[in-house]
file target05.tsv (TSV, C-alpha atoms)
chain	number	residue	atom	x	y	z
A	329	PRO	CA	63.35	8.18	-22.57
A	330	ARG	CA	65.10	8.78	-19.26
A	331	HIS	CA	61.80	9.60	-17.57
A	332	VAL	CA	59.23	7.00	-16.56
A	333	LEU	CA	55.59	7.33	-17.58
A	334	VAL	CA	53.33	6.32	-14.69
A	335	GLY	CA	49.74	5.55	-15.55
A	336	VAL	CA	47.40	6.05	-12.60
A	337	HIS	CA	43.87	4.74	-12.32
A	338	LEU	CA	41.96	6.24	-9.42
A	339	GLY	CA	38.79	4.20	-9.85
A	340	ALA	CA	35.23	5.38	-9.52
A	341	PRO	CA	34.66	7.07	-6.13
A	342	ASP	CA	31.25	5.40	-5.76
A	343	ASN	CA	32.70	1.91	-6.26
A	344	PRO	CA	30.17	-0.46	-4.68
A	345	TYR	CA	32.91	-2.57	-3.07
A	346	GLY	CA	34.49	0.27	-1.11
A	347	LYS	CA	37.91	-0.63	-2.47
A	348	ILE	CA	39.10	2.79	-3.64
A	349	TRP	CA	42.06	4.53	-1.98
A	350	PRO	CA	41.42	8.30	-1.69
A	351	ALA	CA	42.17	10.33	-4.82
A	352	ALA	CA	43.95	13.05	-2.83
A	353	ARG	CA	46.43	10.47	-1.58
A	354	PHE	CA	47.13	9.37	-5.15
A	355	GLY	CA	47.78	13.05	-5.90
A	356	ALA	CA	50.34	13.26	-3.09
A	357	VAL	CA	52.11	10.17	-4.45
A	358	CYS	CA	52.08	11.63	-7.98
A	359	ARG	CA	53.75	14.79	-6.68
A	360	ARG	CA	56.53	12.75	-5.08
A	361	LEU	CA	56.92	10.60	-8.18
A	362	ARG	CA	57.44	13.74	-10.25
A	363	ASP	CA	59.57	15.68	-7.77
A	364	GLU	CA	61.75	12.92	-6.36
A	365	VAL	CA	62.05	10.48	-9.24
A	366	GLY	CA	61.33	12.56	-12.34
A	367	ALA	CA	58.42	10.33	-13.34
A	368	GLU	CA	55.57	11.66	-15.46
A	369	PRO	CA	52.22	10.55	-14.04
A	370	PHE	CA	48.97	10.69	-15.99
A	371	PHE	CA	45.42	9.50	-15.32
A	372	VAL	CA	43.28	7.03	-17.22
A	373	GLY	CA	39.74	5.93	-16.52
A	374	GLY	CA	36.16	6.77	-17.25
A	375	PRO	CA	34.21	10.03	-17.28
A	376	GLU	CA	32.71	9.20	-13.85
A	377	GLU	CA	36.17	9.78	-12.37
A	378	ALA	CA	36.31	13.52	-13.18
A	379	LYS	CA	35.83	14.61	-9.54
A	380	ALA	CA	38.47	12.14	-8.37
A	381	VAL	CA	40.91	13.48	-10.97
A	382	ALA	CA	40.24	17.04	-9.77
A	383	ALA	CA	40.87	16.01	-6.15
A	384	ALA	CA	44.12	14.24	-7.05
A	385	ARG	CA	45.33	17.23	-9.08
A	386	ALA	CA	44.53	19.61	-6.21
A	387	ALA	CA	46.49	17.44	-3.77
A	388	ALA	CA	49.41	17.12	-6.20
A	389	GLY	CA	49.60	20.86	-6.72
A	390	PHE	CA	50.17	20.56	-10.45
A	391	GLU	CA	48.15	19.78	-13.55
A	392	ILE	CA	48.59	16.04	-14.03
A	393	PRO	CA	47.57	15.11	-17.58
A	394	SER	CA	44.33	13.14	-17.70
A	395	TRP	CA	42.90	10.90	-20.37
A	396	ALA	CA	40.07	9.81	-18.08
A	397	GLY	CA	36.82	9.92	-20.01
A	398	ARG	CA	38.59	11.04	-23.18
A	399	CYS	CA	39.55	7.70	-24.70
A	400	ARG	CA	37.90	4.56	-25.92
A	401	LEU	CA	38.92	1.42	-24.08
A	402	VAL	CA	41.35	0.26	-26.77
A	403	GLU	CA	43.03	3.70	-26.68
A	404	THR	CA	43.30	3.46	-22.90
A	405	PHE	CA	45.03	0.09	-23.33
A	406	ALA	CA	47.48	1.70	-25.76
A	407	LEU	CA	48.29	4.40	-23.18
A	408	ILE	CA	48.77	1.80	-20.45
A	409	GLU	CA	51.10	-0.21	-22.67
A	410	ARG	CA	53.51	2.75	-22.85
A	411	CYS	CA	53.90	2.97	-19.06
A	412	GLY	CA	56.97	2.09	-17.08
A	413	LEU	CA	54.64	1.65	-14.11
A	414	PHE	CA	50.88	1.40	-13.67
A	415	LEU	CA	49.58	2.40	-10.23
A	416	SER	CA	46.00	1.56	-9.34
A	417	ASN	CA	43.45	0.25	-6.93
A	418	ASP	CA	42.05	-3.22	-7.56
A	419	THR	CA	40.31	-2.31	-10.83
A	420	GLY	CA	39.78	-3.70	-14.29
A	421	LEU	CA	42.43	-1.40	-15.73
A	422	ALA	CA	44.95	-2.81	-13.25
A	423	LYS	CA	44.16	-6.26	-14.65
A	424	ALA	CA	44.55	-4.88	-18.19
A	425	ALA	CA	48.00	-3.54	-17.29
A	426	MET	CA	48.94	-6.97	-15.95
A	427	ALA	CA	47.72	-8.62	-19.16
A	428	LEU	CA	49.77	-6.13	-21.18
A	429	ARG	CA	52.80	-7.08	-19.04
A	430	VAL	CA	53.22	-3.52	-17.78
A	431	PRO	CA	54.88	-3.32	-14.34
A	432	THR	CA	52.05	-2.71	-11.87
A	433	LEU	CA	51.55	-1.73	-8.27
A	434	THR	CA	48.04	-2.50	-7.08
A	435	LEU	CA	46.59	-1.23	-3.80
A	436	TRP	CA	44.33	-3.68	-2.00
A	437	GLY	CA	41.80	-3.17	0.76
A	438	PRO	CA	38.76	-5.38	1.35
A	439	THR	CA	39.29	-7.73	-1.59
A	440	ASP	CA	41.75	-10.60	-1.82
A	441	PRO	CA	44.79	-10.30	-4.11
A	442	ALA	CA	45.23	-14.08	-3.95
A	443	GLU	CA	41.82	-14.46	-5.54
A	444	LEU	CA	41.56	-11.39	-7.78
A	445	GLY	CA	45.16	-10.32	-8.38
A	446	ALA	CA	47.96	-11.19	-10.75
A	447	TRP	CA	47.88	-14.65	-12.23
A	448	GLU	CA	51.54	-14.28	-13.07
A	449	PRO	CA	53.36	-12.22	-10.42
A	450	VAL	CA	56.35	-11.33	-12.61
A	451	GLY	CA	56.44	-7.54	-12.90
A	452	HIS	CA	53.60	-7.07	-10.48
A	453	ARG	CA	53.47	-5.99	-6.85
A	454	ASP	CA	50.55	-5.96	-4.43
A	455	LEU	CA	50.42	-3.50	-1.56
A	456	ARG	CA	48.06	-4.02	1.34
A	457	LEU	CA	48.04	-3.70	5.08
A	458	ASN	CA	48.25	-7.01	6.85
A	459	ILE	CA	45.52	-6.27	9.35
A	460	PRO	CA	43.63	-9.30	10.75
A	461	CYS	CA	40.34	-8.52	9.02
A	462	SER	CA	41.69	-7.90	5.52
A	463	PRO	CA	40.60	-9.22	3.14
A	464	CYS	CA	37.07	-9.06	4.51
A	465	VAL	CA	35.95	-11.91	2.32
A	466	ARG	CA	38.05	-14.28	4.41
A	467	VAL	CA	36.60	-13.30	7.79
A	468	GLY	CA	32.91	-13.67	7.11
A	469	MET	CA	31.68	-10.23	6.06
A	470	PRO	CA	27.90	-10.23	5.83
A	471	ARG	CA	26.56	-11.57	2.58
A	472	GLY	CA	23.66	-9.81	1.01
A	473	ARG	CA	21.56	-10.64	-1.99
A	474	ASP	CA	24.30	-9.25	-4.25
A	475	GLY	CA	27.27	-10.84	-2.51
A	476	ILE	CA	29.59	-9.58	0.22
A	477	ASP	CA	28.98	-6.05	1.49
A	478	TYR	CA	32.56	-4.76	1.68
A	479	THR	CA	31.40	-1.27	2.64
A	480	ASP	CA	29.94	-2.28	6.00
A	481	CYS	CA	32.94	-3.36	8.06
A	482	GLY	CA	32.69	-0.47	10.49
A	483	HIS	CA	36.18	1.01	10.20
A	484	ARG	CA	37.74	0.78	6.67
A	485	ARG	CA	41.27	0.58	8.13
A	486	CYS	CA	42.50	-1.57	5.24
A	487	LEU	CA	42.66	1.47	2.94
A	488	GLY	CA	42.36	4.33	5.43
A	489	GLU	CA	45.62	3.47	7.16
A	490	LEU	CA	47.59	2.77	3.98
A	491	GLY	CA	49.86	5.79	3.87
A	492	ASP	CA	51.12	7.87	0.96
A	493	ASP	CA	54.71	7.20	1.96
A	494	ALA	CA	54.23	3.42	1.87
A	495	VAL	CA	52.77	3.63	-1.64
A	496	PHE	CA	55.55	5.91	-2.88
A	497	ARG	CA	58.28	3.71	-1.35
A	498	ALA	CA	56.75	0.53	-2.83
A	499	ALA	CA	56.63	2.11	-6.30
A	500	ARG	CA	60.15	3.46	-6.04
A	501	LYS	CA	61.65	0.26	-4.66
A	502	ALA	CA	60.00	-1.99	-7.19
A	503	TYR	CA	60.20	-0.01	-10.39
A	504	LEU	CA	61.67	3.45	-10.35
A	505	PRO	CA	65.22	4.84	-10.45
A	506	GLY	CA	66.79	6.56	-7.50
call {"tool": "encode", "arguments": {"input": "target05.tsv", "output": "structure tokens"}}
result
Amino acid sequence: PRHVLVGVHLGAPDNPYGKIWPAARFGAVCRRLRDEVGAEPFFVGGPEEAKAVAAARAAAGFEIPSWAGRCRLVETFALIERCGLFLSNDTGLAKAAMALRVPTLTLWGPTDPAELGAWEPVGHRDLRLNIPCSPCVRVGMPRGRDGIDYTDCGHRRCLGELGDDAVFRAARKAYLPG
């Protein structure tokens, strides 16, 4: 088809690593993908992401189709495999898209794409701010009993200052027509 299917994984809002870009900002990017490029975004994920999907839809201003919480994992993989682009935070479904060789754009905050990202960068792009403290793991974030506490850096600039326009431009430049 002439249009591009864009799978979007918002991630669980209560992610214990604090590595989730705001759902409303994903919604704004989805609106631009539809309006400016003619892409067809849709959501995948788990049932715990229902509120995030609602927030993204509200920000987009249109009813973005959602399969979040409606599919088994293998069905979610089948949906991802049909995408011309998969847009996500650093999540397991982003890694699944990479394994399926679907073009991906992954947004990074406190975690390290060199450690947790694409093992084969062909068809994959990382987007992160190059601020001195990101990724936190490299600058000595406090370690607790369960590992590094990414949520306690004091400012969260790594994701908070990543703008909608930067995400849209990265997706368009890397993968989309126009």
call {"tool": "closest_residue", "arguments": {"input": "target05.tsv", "among": "A:Tyr503, A:Leu407, A:Arg353, A:Gly397", "to": "Glu489 (chain A)", "atoms": "only C-alpha atoms"}}
result
A:Arg353
call {"tool": "closest_residue", "arguments": {"input": "target05.tsv", "among": "A:Leu401, A:Ile408, A:Ala422, A:Ala388", "to": "Leu338 (chain A)", "atoms": "only C-alpha atoms"}}
result
A:Ala422
call {"tool": "atom_distance", "arguments": {"input": "target05.tsv", "atom1": "CA of Phe371 (chain A)", "atom2": "CA of His452 (chain A)"}}
result
19.1 Å
call {"tool": "closest_residue", "arguments": {"input": "target05.tsv", "among": "A:Glu377, A:Asp493, A:Glu409, A:Asp454", "to": "His337 (chain A)", "atoms": "only C-alpha atoms"}}
result
A:Glu377
call {"tool": "atom_distance", "arguments": {"input": "target05.tsv", "atom1": "CA of Ala499 (chain A)", "atom2": "CA of Val332 (chain A)"}}
result
11.7 Å
call {"tool": "residues_near_point", "arguments": {"input": "target05.tsv", "point": "(52.6, -0.6, 1.1)", "cutoff": "6 Å", "atoms": "all atoms listed in the file", "output": "PyMOL selection string"}}
result
chain A and resi 455-456+494-495+498
call {"tool": "closest_residue", "arguments": {"input": "target05.tsv", "among": "A:Leu435, A:Val372, A:Val334, A:Leu487", "to": "Arg360 (chain A)", "atoms": "all atoms listed in the file"}}
result
A:Val334
call {"tool": "atom_distance", "arguments": {"input": "target05.tsv", "atom1": "CA of Glu368 (chain A)", "atom2": "CA of Gly491 (chain A)"}}
result
21.0 Å
call {"tool": "residues_around", "arguments": {"input": "target05.tsv", "residues": "region 350-352 of chain A", "least_positions_apart": "2", "cutoff": "6 Å", "atoms": "all atoms listed in the file", "output": "compact mmCIF listing (two decimals) with C-alpha atoms, in the frame of the given file"}}
result
# COMPACT_ATOMS: atom_id res chain seq x y z
CA PHE A 354 47.13 9.37 -5.15
CA GLY A 355 47.78 13.05 -5.90
CA ALA A 380 38.47 12.14 -8.37
CA ALA A 383 40.87 16.01 -6.15
CA ALA A 384 44.12 14.24 -7.05
CA ALA A 387 46.49 17.44 -3.77
call {"tool": "residues_around", "arguments": {"input": "target05.tsv", "residues": "Leu415 (chain A)", "least_positions_apart": "6", "cutoff": "7 Å", "atoms": "only C-alpha atoms", "output": "number ranges by chain"}}
result
A: 335-337, 432-434
call {"tool": "residues_near_point", "arguments": {"input": "target05.tsv", "point": "(44.1, 19.0, -14.5)", "cutoff": "10 Å", "atoms": "all atoms listed in the file", "output": "PDB file with C-alpha atoms, in the frame of the given file"}}
result
ATOM      1  CA  PHE A 370      48.970  10.690 -15.990  1.00  0.00           C
ATOM      2  CA  PHE A 371      45.420   9.500 -15.320  1.00  0.00           C
ATOM      3  CA  ALA A 378      36.310  13.520 -13.180  1.00  0.00           C
ATOM      4  CA  VAL A 381      40.910  13.480 -10.970  1.00  0.00           C
ATOM      5  CA  ALA A 382      40.240  17.040  -9.770  1.00  0.00           C
ATOM      6  CA  ALA A 383      40.870  16.010  -6.150  1.00  0.00           C
ATOM      7  CA  ALA A 384      44.120  14.240  -7.050  1.00  0.00           C
ATOM      8  CA  ARG A 385      45.330  17.230  -9.080  1.00  0.00           C
ATOM      9  CA  ALA A 386      44.530  19.610  -6.210  1.00  0.00           C
ATOM     10  CA  GLY A 389      49.600  20.860  -6.720  1.00  0.00           C
ATOM     11  CA  PHE A 390      50.170  20.560 -10.450  1.00  0.00           C
ATOM     12  CA  GLU A 391      48.150  19.780 -13.550  1.00  0.00           C
ATOM     13  CA  ILE A 392      48.590  16.040 -14.030  1.00  0.00           C
ATOM     14  CA  PRO A 393      47.570  15.110 -17.580  1.00  0.00           C
ATOM     15  CA  SER A 394      44.330  13.140 -17.700  1.00  0.00           C
TER      16      SER A 394
END
call {"tool": "closest_residue", "arguments": {"input": "target05.tsv", "among": "A:Ala406, A:Gly374, A:Asn458, A:Leu333", "to": "Leu361 (chain A)", "atoms": "only C-alpha atoms"}}
result
A:Leu333
call {"tool": "closest_residue", "arguments": {"input": "target05.tsv", "among": "A:Leu421, A:Ala356, A:Val430, A:Cys411", "to": "Gly339 (chain A)", "atoms": "all atoms listed in the file"}}
result
A:Leu421
call {"tool": "decode", "arguments": {"input": "target05.tsv", "residues": "region 490-503 of chain A", "atoms": "N, CA and C atoms", "output": "short mmCIF file (atom, residue, chain, number, x, y, z; two decimals), in the first residue's frame"}}
result
data_model
loop_
_atom_site.label_atom_id
_atom_site.label_comp_id
_atom_site.auth_asym_id
_atom_site.auth_seq_id
_atom_site.Cartn_x
_atom_site.Cartn_y
_atom_site.Cartn_z
N LEU A 490 12.86 15.93 25.49
CA LEU A 490 12.80 15.36 24.14
C LEU A 490 11.48 15.79 23.52
N GLY A 491 11.56 16.63 22.51
CA GLY A 491 10.37 17.25 21.95
C GLY A 491 9.66 16.43 20.88
N ASP A 492 8.36 16.70 20.74
CA ASP A 492 7.54 16.04 19.73
C ASP A 492 8.13 16.23 18.34
N ASP A 493 8.57 17.45 18.06
CA ASP A 493 9.08 17.75 16.73
C ASP A 493 10.33 16.92 16.42
N ALA A 494 11.19 16.74 17.39
CA ALA A 494 12.41 15.94 17.18
C ALA A 494 12.05 14.50 16.86
N VAL A 495 11.05 13.95 17.55
CA VAL A 495 10.63 12.57 17.31
C VAL A 495 10.01 12.46 15.92
N PHE A 496 9.13 13.38 15.58
CA PHE A 496 8.50 13.35 14.25
C PHE A 496 9.56 13.46 13.15
N ARG A 497 10.48 14.41 13.29
CA ARG A 497 11.51 14.60 12.25
C ARG A 497 12.40 13.37 12.12
N ALA A 498 12.75 12.74 13.24
CA ALA A 498 13.59 11.53 13.18
C ALA A 498 12.87 10.40 12.45
N ALA A 499 11.58 10.23 12.74
CA ALA A 499 10.80 9.20 12.07
C ALA A 499 10.68 9.50 10.57
N ARG A 500 10.40 10.71 10.27
CA ARG A 500 10.21 11.09 8.85
C ARG A 500 11.52 10.97 8.08
N LYS A 501 12.59 11.45 8.64
CA LYS A 501 13.88 11.41 7.96
C LYS A 501 14.35 9.98 7.72
N ALA A 502 14.17 9.15 8.71
CA ALA A 502 14.69 7.80 8.62
C ALA A 502 13.84 6.86 7.79
N TYR A 503 12.52 7.02 7.84
CA TYR A 503 11.68 5.96 7.30
C TYR A 503 10.51 6.36 6.41
#
